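Data block below; observations after.
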Amino acid sequence: MDTLILSTVLAVALLLMLASGFWVALSLVGVGVLGLVLSGNDQIGLLFATATWGASTSWSLTALPLFIWMGEILFRTRLSEDLFKGLSPLLSGLPGRLLHVNVLSCGIFAAVSGSSAATAATIGRMTLPELKARGYSERMAVGTLAGSGTLGLLIPPSIILIVYGVAAEVSIGRLFIAGALPGLLLVTLFMGYTACWALLNKDELPKNSDEKISAKDKILALQKLFPIVGLIVFVLGSIYGGLTTPTEAAALGVVGALFLAFASKALTRKSFLESLQGAVKSSCMIGLILVGAHFLTLAMGFLGIPKSLAFWISEMSLSPVELLLYLTVLFVVLGCFLDGISVVVLTTAVVLPMVQQAGIDLLWFGIYIVLVVEMSQITPPVGFNLFVIQALTGKDILYVARAALPFFLLILFAVVLITWFPQIVTFLPTNMTGG
Amino acid sequence: MRKFLNNMYLASGYLSGFCILLITLLIVSQVIGRLFGFIVPSVEDFSGYSLAAATFFGLAYTFREGGHIRVSLAIKFLPASSRRIQELFILAVALLLCAFMSFYTIHLSWESYIFEEVSYGYIPVPIWLPQVPVALGMVMFTIAIADDFFCTLLGQTPNYLKHEDELDVESGLGGDN
Amino acid sequence: AQWHMPTPYGDSNHPTKIAYQFAEEIKEKTNGELDITVHSGASLVKHPEIPRAVKTGQVQMGEVFIGIMGNTHPIFKHDNIPFLATNYDDAKKLWNAAKPEMQKQLNKEGMTLLYSVAWPAQSLYSKDAVNSLADLEGSRMRAYSPSTSRLADLMGTTPTTIQVPEIPQAFSTGIIDAMITSPSTGANGQAWDYVKNYTDIQAWIPKNVVVVNTRSFKRLDKGTQKIILDAAANAEKRGWEIVQSEAKKDTQTLIDHGIVVAQPSETLLKELAVIGETMEAEWLAESGPEIKALIENYKK
Ligand code: NA
Ligand code: NA
């Protein structure tokens, strides 16, 4: 069958399966089977088994359940509360005051959590009621949370960077380092926007400025930040201090999180088991999607689709920027219906050969793809940050999405910036790891 | 029967959790080993096997809890009667697909046994051993799907739907991650 | 017919280039009747799964690093015994001696041996210059297999497992201070960014083999079979030539980027030879008489 027709048939089949409510992971397996059947392959079952075993035993992926578990443990501690209480006195001088707490808490929590939904949920559970009680604009509170929750994906550790690193065979350690500066860039953009907005919309902020805070109180508040800063230093420090690889850092992170939970008396038999069950649910879900995606990738390899597409794209002789433009549109559209991990695993098989063909650095592309996926976390109808915040506030999803729109645009701006100045991504990895 | 099945699903979740715990312990022991100058052999292999076991053991539990994600955008708007047919339909397809997957993961393990395949790391492990949890997990997953298929056929609400509908903060955690 | 051939390494490596030429030659000589798609860089099947995929007919052909099969039969370990064959002529001789036994073992598993491609000789990368093993004492050396781990032990270092993509970070953060690998791996991975010394100890010359599923092969007519075998012979011949020029070119690349390339001192060579004897004896102790015969044959 002609490759173009075959690709179209498979793409339509995938969309139909997804739209009919078929589970994402099983849809991937189903389309893989369909593709192999159409190409007359008679070893489908054996190929599935090979792909399954290869995909599910990868050493780099072992960090995945560990970072998830770490987040689940921290979710059950007082960490987010401490973050809020520690940061609020420090930020009371900035225009927009406590709204910045939302952004910064997310940024800090992102440095120990691998996921954006976990970041938004953990921080939002604490900050949203506080902000509301003090009379801040609800729309802005929701928007800052939705936007900065996505930092969980970009600031290391990041589950999606692990998935990408495995697929693209890029060092996960270097990807983590590469995510740091763009993460700070986003924090700066978000806080800058929040400050500007606050200056322009004084009437949507609480009238009575918060009481003056003495230097002594500020120092006392700072102490509340010690545990989480300690954990960040412990986890990231062990990677960059040369003690561990990212996978090992994940295991140490679990130990550190358990220790924090124990020290804050949040560690009970019940909370321990609950955190583990939470980790099981997330990692099995992602694990099966990865198995499905790996099988689909294998099927596509047999059908020769990625090669034909890459060839086709190279025939069009797009410039890298044009290619990126098309890919951004593709990812944002996909992200409207799929979650971030699925977008990455679904597309890497087809997209990475093209990207390499165009001479784009795969390390840089990893950060680019994460930024675009971050945007997709806050676009309806499927955006996990939207779901989380919807569940937290009871507001309908379109309201949340509208509130998050400025932050969507800011991330888009960040994408433009890193394309213009790729050094934002590559500076740290080249200088910290020597290569 | 009901009780046995529910216990099995719960056990699948606990087994999976145990494997995640095992990965943590294995890797921590490797770090400690390096600090004190001894090597814990084949940690990559064993944590890889535990990862596979964790993923597959937990499939049934995750399915029951509505943890496997899907796009409910379109089906949300279906009227109740069509919705039931739609759920029955996808359950039937999933059942076929998972039976197929189960058969071949069992076949994989059996073939490794016949071929006497061993891993290529420090400690030569007969590969069929760590492949058994994959097959076992897949079979339990298939049973869970069959369970919900028959429940739906009898007019009950499938178990995963009960949990999907109560999208709370924690199931949001199961989301993108 | 349309055949698939997964290979473990990427397009920039010479074994993969040879695989492409091999497939091209067959396609040309069969007038397009047999079209072999090469899937490089483990993009179709992951490396450890390749032998099995060929064996069970999921793919018709495949390329695999011999060492990866080391635990299945002692014959596959001949490829990774340090200081047994330390130049390309000896390596060729060793391969010819090992070939019948390799052929036999692969046949047992339903595969037919087509050709082998050697990698450049494996030498020592280290942070500091190494004149004798004492210079390596207390350092940590990368190990990725039972034999590299044993070797690290015997060299008085601590074997440390690091995956290929993490090598640069492992060096720059001090998780490892030494590794044994080919000049090509070093040149491709820009080793100059994190390591300063290269001692050309030529410890061993490992190889990939390309195998075909025996049943798929036998279903072909005699003419096509001959075309494949001829192309394989050409590929093997080309491989031995290319590997030596590659090794020279890549060593020069290392020098050009400021790595100190040194010949091993007499002391070091003597120390390493002793280690080689130990490992050879250990290997022979676990192998059957046919391997002993093979080694005697090689040493003649
Ligand atoms: Na993060
Ligand atoms: Na979205």
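Ligands are numbered from 1 in the order shown, residues from 1 within each chain, and chains are lettered A, B, ... in the order they appear in the structure tokens.
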
Can you tell me, as a PDB file with N, CA and C atoms, in the first residue's frame, which residues in region 175-234 of chain C count as helix (DSSP H, G or I) by DSSP?
ATOM      1  N   PRO C 183      38.906   4.298  19.947  1.00  0.00           N
ATOM      2  CA  PRO C 183      39.111   5.710  19.613  1.00  0.00           C
ATOM      3  C   PRO C 183      37.874   6.306  18.927  1.00  0.00           C
ATOM      4  N   SER C 184      37.098   5.469  18.214  1.00  0.00           N
ATOM      5  CA  SER C 184      35.916   5.984  17.516  1.00  0.00           C
ATOM      6  C   SER C 184      34.874   6.464  18.508  1.00  0.00           C
ATOM      7  N   THR C 185      34.621   5.647  19.534  1.00  0.00           N
ATOM      8  CA  THR C 185      33.647   6.043  20.545  1.00  0.00           C
ATOM      9  C   THR C 185      34.072   7.363  21.182  1.00  0.00           C
ATOM     10  N   GLY C 186      35.377   7.467  21.451  1.00  0.00           N
ATOM     11  CA  GLY C 186      35.893   8.693  22.044  1.00  0.00           C
ATOM     12  C   GLY C 186      35.726   9.883  21.117  1.00  0.00           C
ATOM     13  N   ALA C 187      36.029   9.686  19.823  1.00  0.00           N
ATOM     14  CA  ALA C 187      35.934  10.786  18.875  1.00  0.00           C
ATOM     15  C   ALA C 187      34.473  11.191  18.667  1.00  0.00           C
ATOM     16  N   ASN C 188      33.594  10.192  18.512  1.00  0.00           N
ATOM     17  CA  ASN C 188      32.172  10.509  18.328  1.00  0.00           C
ATOM     18  C   ASN C 188      31.595  11.204  19.548  1.00  0.00           C
ATOM     19  N   ALA C 191      35.381  13.068  23.454  1.00  0.00           N
ATOM     20  CA  ALA C 191      35.985  12.722  24.744  1.00  0.00           C
ATOM     21  C   ALA C 191      36.888  13.813  25.287  1.00  0.00           C
ATOM     22  N   TRP C 192      37.435  14.689  24.383  1.00  0.00           N
ATOM     23  CA  TRP C 192      38.365  15.738  24.837  1.00  0.00           C
ATOM     24  C   TRP C 192      37.707  16.707  25.800  1.00  0.00           C
ATOM     25  N   ASP C 193      36.397  16.733  25.802  1.00  0.00           N
ATOM     26  CA  ASP C 193      35.712  17.646  26.710  1.00  0.00           C
ATOM     27  C   ASP C 193      35.865  17.214  28.167  1.00  0.00           C
ATOM     28  N   THR C 214      17.832 -18.669   9.555  1.00  0.00           N
ATOM     29  CA  THR C 214      18.172 -19.781   8.662  1.00  0.00           C
ATOM     30  C   THR C 214      17.003 -20.192   7.765  1.00  0.00           C
ATOM     31  N   ARG C 215      15.807 -20.223   8.367  1.00  0.00           N
ATOM     32  CA  ARG C 215      14.659 -20.639   7.554  1.00  0.00           C
ATOM     33  C   ARG C 215      14.383 -19.652   6.413  1.00  0.00           C
ATOM     34  N   SER C 216      14.426 -18.343   6.753  1.00  0.00           N
ATOM     35  CA  SER C 216      14.208 -17.337   5.711  1.00  0.00           C
ATOM     36  C   SER C 216      15.257 -17.483   4.615  1.00  0.00           C
ATOM     37  N   PHE C 217      16.488 -17.764   5.044  1.00  0.00           N
ATOM     38  CA  PHE C 217      17.586 -17.881   4.092  1.00  0.00           C
ATOM     39  C   PHE C 217      17.364 -19.080   3.168  1.00  0.00           C
ATOM     40  N   LYS C 218      16.945 -20.205   3.767  1.00  0.00           N
ATOM     41  CA  LYS C 218      16.800 -21.427   2.971  1.00  0.00           C
ATOM     42  C   LYS C 218      15.636 -21.347   1.992  1.00  0.00           C
ATOM     43  N   ARG C 219      14.662 -20.478   2.308  1.00  0.00           N
ATOM     44  CA  ARG C 219      13.529 -20.346   1.391  1.00  0.00           C
ATOM     45  C   ARG C 219      13.924 -19.640   0.096  1.00  0.00           C
ATOM     46  N   LYS C 222      18.758 -20.752  -4.830  1.00  0.00           N
ATOM     47  CA  LYS C 222      20.214 -20.890  -4.685  1.00  0.00           C
ATOM     48  C   LYS C 222      20.944 -19.646  -5.185  1.00  0.00           C
ATOM     49  N   GLY C 223      20.458 -19.096  -6.294  1.00  0.00           N
ATOM     50  CA  GLY C 223      21.113 -17.927  -6.869  1.00  0.00           C
ATOM     51  C   GLY C 223      21.151 -16.764  -5.891  1.00  0.00           C
ATOM     52  N   THR C 224      19.994 -16.484  -5.273  1.00  0.00           N
ATOM     53  CA  THR C 224      19.923 -15.364  -4.328  1.00  0.00           C
ATOM     54  C   THR C 224      20.793 -15.651  -3.112  1.00  0.00           C
ATOM     55  N   GLN C 225      20.767 -16.896  -2.659  1.00  0.00           N
ATOM     56  CA  GLN C 225      21.612 -17.266  -1.512  1.00  0.00           C
ATOM     57  C   GLN C 225      23.069 -16.942  -1.807  1.00  0.00           C
ATOM     58  N   LYS C 226      23.475 -17.267  -3.025  1.00  0.00           N
ATOM     59  CA  LYS C 226      24.874 -17.033  -3.382  1.00  0.00           C
ATOM     60  C   LYS C 226      25.167 -15.528  -3.404  1.00  0.00           C
ATOM     61  N   ILE C 227      24.215 -14.765  -3.931  1.00  0.00           N
ATOM     62  CA  ILE C 227      24.404 -13.309  -3.964  1.00  0.00           C
ATOM     63  C   ILE C 227      24.601 -12.772  -2.554  1.00  0.00           C
ATOM     64  N   ILE C 228      23.788 -13.278  -1.605  1.00  0.00           N
ATOM     65  CA  ILE C 228      23.917 -12.807  -0.227  1.00  0.00           C
ATOM     66  C   ILE C 228      25.280 -13.187   0.341  1.00  0.00           C
ATOM     67  N   LEU C 229      25.686 -14.451   0.137  1.00  0.00           N
ATOM     68  CA  LEU C 229      26.961 -14.897   0.694  1.00  0.00           C
ATOM     69  C   LEU C 229      28.130 -14.119   0.087  1.00  0.00           C
ATOM     70  N   ASP C 230      28.043 -13.835  -1.207  1.00  0.00           N
ATOM     71  CA  ASP C 230      29.109 -13.052  -1.845  1.00  0.00           C
ATOM     72  C   ASP C 230      29.158 -11.642  -1.271  1.00  0.00           C
ATOM     73  N   ALA C 231      27.982 -11.044  -1.138  1.00  0.00           N
ATOM     74  CA  ALA C 231      27.925  -9.686  -0.590  1.00  0.00           C
ATOM     75  C   ALA C 231      28.475  -9.681   0.831  1.00  0.00           C
ATOM     76  N   ALA C 232      28.174 -10.771   1.587  1.00  0.00           N
ATOM     77  CA  ALA C 232      28.670 -10.862   2.956  1.00  0.00           C
ATOM     78  C   ALA C 232      30.196 -10.933   2.969  1.00  0.00           C
ATOM     79  N   ALA C 233      30.736 -11.738   2.060  1.00  0.00           N
ATOM     80  CA  ALA C 233      32.201 -11.868   1.988  1.00  0.00           C
ATOM     81  C   ALA C 233      32.821 -10.507   1.661  1.00  0.00           C
ATOM     82  N   ASN C 234      32.208  -9.786   0.726  1.00  0.00           N
ATOM     83  CA  ASN C 234      32.700  -8.445   0.390  1.00  0.00           C
ATOM     84  C   ASN C 234      32.646  -7.521   1.592  1.00  0.00           C
TER      85      ASN C 234
END

Protein and nucleic residues near ligand 2, 10 Å, only C-alpha atoms and all ligand atoms, as a PyMOL selection string: chain A and resi 331-340+373-386+401

Distance filter 6 Å, only C-alpha atoms, chain C against chain B, as a compact mmCIF listing (two decimals) with C-alpha atoms, in the first residue's frame:
# COMPACT_ATOMS: atom_id res chain seq x y z
CA ILE C 68 26.14 -9.17 24.24
CA ASN C 71 26.28 -15.30 28.83
CA SER C 145 29.75 -6.34 31.12
CA PRO C 146 30.99 -9.21 33.28

Quick one: contact table of region 60-128 of chain A to region 154-175 of chain A, 10 Å max, nearest atom pair and distance in Å to one decimal per residue, counting only C-alpha atoms, chain and number order, as JSON lines?
{"residue": "A:Ser60", "atom": "CA", "partner": "A:Val166", "partner_atom": "CA", "distance": 6.6}
{"residue": "A:Leu61", "atom": "CA", "partner": "A:Ile162", "partner_atom": "CA", "distance": 6.9}
{"residue": "A:Thr62", "atom": "CA", "partner": "A:Ile162", "partner_atom": "CA", "distance": 9.6}
{"residue": "A:Ala63", "atom": "CA", "partner": "A:Ile162", "partner_atom": "CA", "distance": 7.8}
{"residue": "A:Leu64", "atom": "CA", "partner": "A:Ile159", "partner_atom": "CA", "distance": 6.1}
{"residue": "A:Pro65", "atom": "CA", "partner": "A:Ile159", "partner_atom": "CA", "distance": 9.1}
{"residue": "A:Leu66", "atom": "CA", "partner": "A:Ile159", "partner_atom": "CA", "distance": 9.9}
{"residue": "A:Phe67", "atom": "CA", "partner": "A:Ile159", "partner_atom": "CA", "distance": 7.3}
{"residue": "A:Ile68", "atom": "CA", "partner": "A:Ile159", "partner_atom": "CA", "distance": 8.0}
{"residue": "A:Gly107", "atom": "CA", "partner": "A:Ile155", "partner_atom": "CA", "distance": 7.5}
{"residue": "A:Ile108", "atom": "CA", "partner": "A:Ile155", "partner_atom": "CA", "distance": 8.8}
{"residue": "A:Phe109", "atom": "CA", "partner": "A:Ile155", "partner_atom": "CA", "distance": 9.3}
{"residue": "A:Ala110", "atom": "CA", "partner": "A:Ile155", "partner_atom": "CA", "distance": 5.9}
{"residue": "A:Ala111", "atom": "CA", "partner": "A:Pro156", "partner_atom": "CA", "distance": 5.6}
{"residue": "A:Val112", "atom": "CA", "partner": "A:Pro157", "partner_atom": "CA", "distance": 6.5}
{"residue": "A:Ser113", "atom": "CA", "partner": "A:Pro157", "partner_atom": "CA", "distance": 6.5}
{"residue": "A:Gly114", "atom": "CA", "partner": "A:Ser158", "partner_atom": "CA", "distance": 4.1}
{"residue": "A:Ser115", "atom": "CA", "partner": "A:Ile159", "partner_atom": "CA", "distance": 6.2}
{"residue": "A:Ser116", "atom": "CA", "partner": "A:Leu154", "partner_atom": "CA", "distance": 8.7}

Write out the residues from the selection above, keeping all heavy atoms, as a CSV table (one decimal), in the first residue's frame.
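Generated output (selection.csv):
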chain,number,residue,atom,x,y,z
A,60,SER,N,16.8,3.8,32.2
A,60,SER,CA,16.6,5.2,32.3
A,60,SER,C,15.2,5.5,32.8
A,60,SER,O,14.9,6.5,33.5
A,60,SER,CB,16.8,6.0,31.0
A,60,SER,OG,18.1,5.7,30.5
A,61,LEU,N,14.2,4.6,32.4
A,61,LEU,CA,12.9,4.9,32.8
A,61,LEU,C,12.6,4.5,34.3
A,61,LEU,O,11.5,4.9,34.8
A,61,LEU,CB,11.9,4.0,31.9
A,61,LEU,CG,11.6,4.6,30.6
A,61,LEU,CD1,10.7,3.6,29.8
A,61,LEU,CD2,11.0,5.9,30.7
A,62,THR,N,13.5,3.9,35.0
A,62,THR,CA,13.3,3.5,36.3
A,62,THR,C,13.1,4.8,37.2
A,62,THR,O,12.5,4.7,38.3
A,62,THR,CB,14.4,2.6,36.9
A,62,THR,OG1,15.6,3.2,36.6
A,62,THR,CG2,14.3,1.2,36.4
A,63,ALA,N,13.7,5.9,36.7
A,63,ALA,CA,13.5,7.2,37.5
A,63,ALA,C,12.1,7.6,37.5
A,63,ALA,O,11.6,8.3,38.4
A,63,ALA,CB,14.4,8.3,36.9
A,64,LEU,N,11.3,7.2,36.5
A,64,LEU,CA,9.9,7.7,36.4
A,64,LEU,C,9.0,7.4,37.6
A,64,LEU,O,8.5,8.3,38.2
A,64,LEU,CB,9.3,7.0,35.1
A,64,LEU,CG,8.2,7.7,34.5
A,64,LEU,CD1,8.7,8.6,33.3
A,64,LEU,CD2,7.2,6.7,34.0
A,65,PRO,N,8.8,6.1,38.0
A,65,PRO,CA,8.0,5.9,39.2
A,65,PRO,C,8.5,6.5,40.4
A,65,PRO,O,7.8,6.9,41.3
A,65,PRO,CB,7.9,4.3,39.3
A,65,PRO,CG,9.0,3.8,38.5
A,65,PRO,CD,9.3,4.8,37.4
A,66,LEU,N,9.9,6.7,40.5
A,66,LEU,CA,10.5,7.2,41.7
A,66,LEU,C,10.1,8.7,41.8
A,66,LEU,O,9.7,9.1,42.9
A,66,LEU,CB,12.0,7.0,41.7
A,66,LEU,CG,12.4,5.5,41.6
A,66,LEU,CD1,13.9,5.3,41.7
A,66,LEU,CD2,11.7,4.6,42.6
A,67,PHE,N,10.3,9.5,40.8
A,67,PHE,CA,10.0,10.9,40.9
A,67,PHE,C,8.5,11.1,41.1
A,67,PHE,O,8.0,12.0,41.8
A,67,PHE,CB,10.4,11.6,39.6
A,67,PHE,CG,11.9,12.0,39.6
A,67,PHE,CD1,12.7,11.7,38.5
A,67,PHE,CD2,12.4,12.7,40.7
A,67,PHE,CE1,14.0,12.1,38.5
A,67,PHE,CE2,13.7,13.1,40.7
A,67,PHE,CZ,14.5,12.8,39.6
A,68,ILE,N,7.7,10.2,40.5
A,68,ILE,CA,6.2,10.3,40.8
A,68,ILE,C,5.9,10.0,42.3
A,68,ILE,O,5.2,10.7,42.9
A,68,ILE,CB,5.4,9.3,39.9
A,68,ILE,CG1,5.6,9.6,38.4
A,68,ILE,CG2,4.0,9.2,40.3
A,68,ILE,CD1,5.0,8.6,37.5
A,107,GLY,N,7.5,27.4,41.1
A,107,GLY,CA,8.9,27.3,40.6
A,107,GLY,C,9.8,26.5,41.6
A,107,GLY,O,10.5,25.6,41.2
A,108,ILE,N,9.6,26.7,42.9
A,108,ILE,CA,10.4,26.0,43.9
A,108,ILE,C,10.0,24.5,44.0
A,108,ILE,O,10.8,23.6,43.9
A,108,ILE,CB,10.4,26.7,45.2
A,108,ILE,CG1,11.1,28.0,45.1
A,108,ILE,CG2,11.0,25.8,46.3
A,108,ILE,CD1,11.0,28.9,46.4
A,109,PHE,N,8.7,24.4,44.0
A,109,PHE,CA,8.1,23.0,44.1
A,109,PHE,C,8.5,22.2,42.9
A,109,PHE,O,8.8,21.0,43.0
A,109,PHE,CB,6.6,23.0,44.4
A,109,PHE,CG,6.1,21.7,44.8
A,109,PHE,CD1,6.3,21.2,46.1
A,109,PHE,CD2,5.5,20.8,43.9
A,109,PHE,CE1,5.8,19.9,46.4
A,109,PHE,CE2,5.0,19.6,44.2
A,109,PHE,CZ,5.2,19.1,45.5
A,110,ALA,N,8.5,22.9,41.7
A,110,ALA,CA,8.9,22.2,40.5
A,110,ALA,C,10.3,21.6,40.6
A,110,ALA,O,10.5,20.6,39.9
A,110,ALA,CB,8.8,23.2,39.3
A,111,ALA,N,11.1,22.1,41.4
A,111,ALA,CA,12.5,21.6,41.5
A,111,ALA,C,12.5,20.3,42.3
A,111,ALA,O,13.6,19.7,42.4
A,111,ALA,CB,13.4,22.6,42.1
A,112,VAL,N,11.5,19.9,42.9
A,112,VAL,CA,11.4,18.6,43.5
A,112,VAL,C,10.4,17.7,42.9
A,112,VAL,O,10.3,16.5,43.1
A,112,VAL,CB,11.2,18.6,45.0
A,112,VAL,CG1,12.5,19.1,45.7
A,112,VAL,CG2,10.1,19.4,45.4
A,113,SER,N,9.5,18.3,42.1
A,113,SER,CA,8.4,17.5,41.5
A,113,SER,C,8.6,17.3,40.0
A,113,SER,O,9.2,18.2,39.4
A,113,SER,CB,7.1,18.1,41.8
A,113,SER,OG,6.1,17.7,40.8
A,114,GLY,N,8.3,16.2,39.5
A,114,GLY,CA,8.5,16.0,38.1
A,114,GLY,C,7.3,16.3,37.2
A,114,GLY,O,7.5,16.2,36.0
A,115,SER,N,6.2,16.7,37.7
A,115,SER,CA,5.0,16.8,36.9
A,115,SER,C,4.3,18.2,37.1
A,115,SER,O,4.4,18.7,38.2
A,115,SER,CB,4.1,15.7,37.1
A,115,SER,OG,3.0,16.1,38.0
A,116,SER,N,3.6,18.6,36.1
A,116,SER,CA,3.0,19.9,36.3
A,116,SER,C,1.7,19.8,37.0
A,116,SER,O,1.3,20.7,37.8
A,116,SER,CB,2.8,20.6,34.9
A,116,SER,OG,1.8,19.9,34.2

Distance in Å - CA of Ala23 (chain C) versus CA of Val117 (chain C): 14.8 Å

At most 8 Å to chain C: residues in chain A, only C-alpha atoms, as a PyMOL selection string: chain A and resi 43+46-47+50-51+54+169-174+240-245+297-298+301-302+433-435

Contact residues around Thr7 (chain C) with only C-alpha atoms at 7 Å, ignoring same-chain residues under 5 positions, as an MDAnalysis selection string: chainID C and resid 16 39:42 62:64

Export of prior selection with C-alpha atoms as a compact mmCIF listing (two decimals), in the first residue's frame:
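Written out: part_33.txt:
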# COMPACT_ATOMS: atom_id res chain seq x y z
CA THR C 16 26.22 0.58 9.93
CA HIS C 39 17.03 0.01 10.58
CA SER C 40 20.06 1.58 12.23
CA GLY C 41 20.62 2.69 15.80
CA ALA C 42 18.33 0.07 17.40
CA GLY C 62 20.19 -8.48 12.16
CA GLU C 63 23.47 -7.15 13.40
CA VAL C 64 24.63 -7.72 16.94

d(CA of Gly17 (chain B), CA of Ala279 (chain A)) in Å: 7.6 Å

Nearest residue to Arg70 (chain B) from the set B:Phe103, B:Tyr160, B:Phe57, B:Phe18 (distances using only C-alpha atoms):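 Answer, going by the shortest atom-to-atom distance: B:Tyr160.
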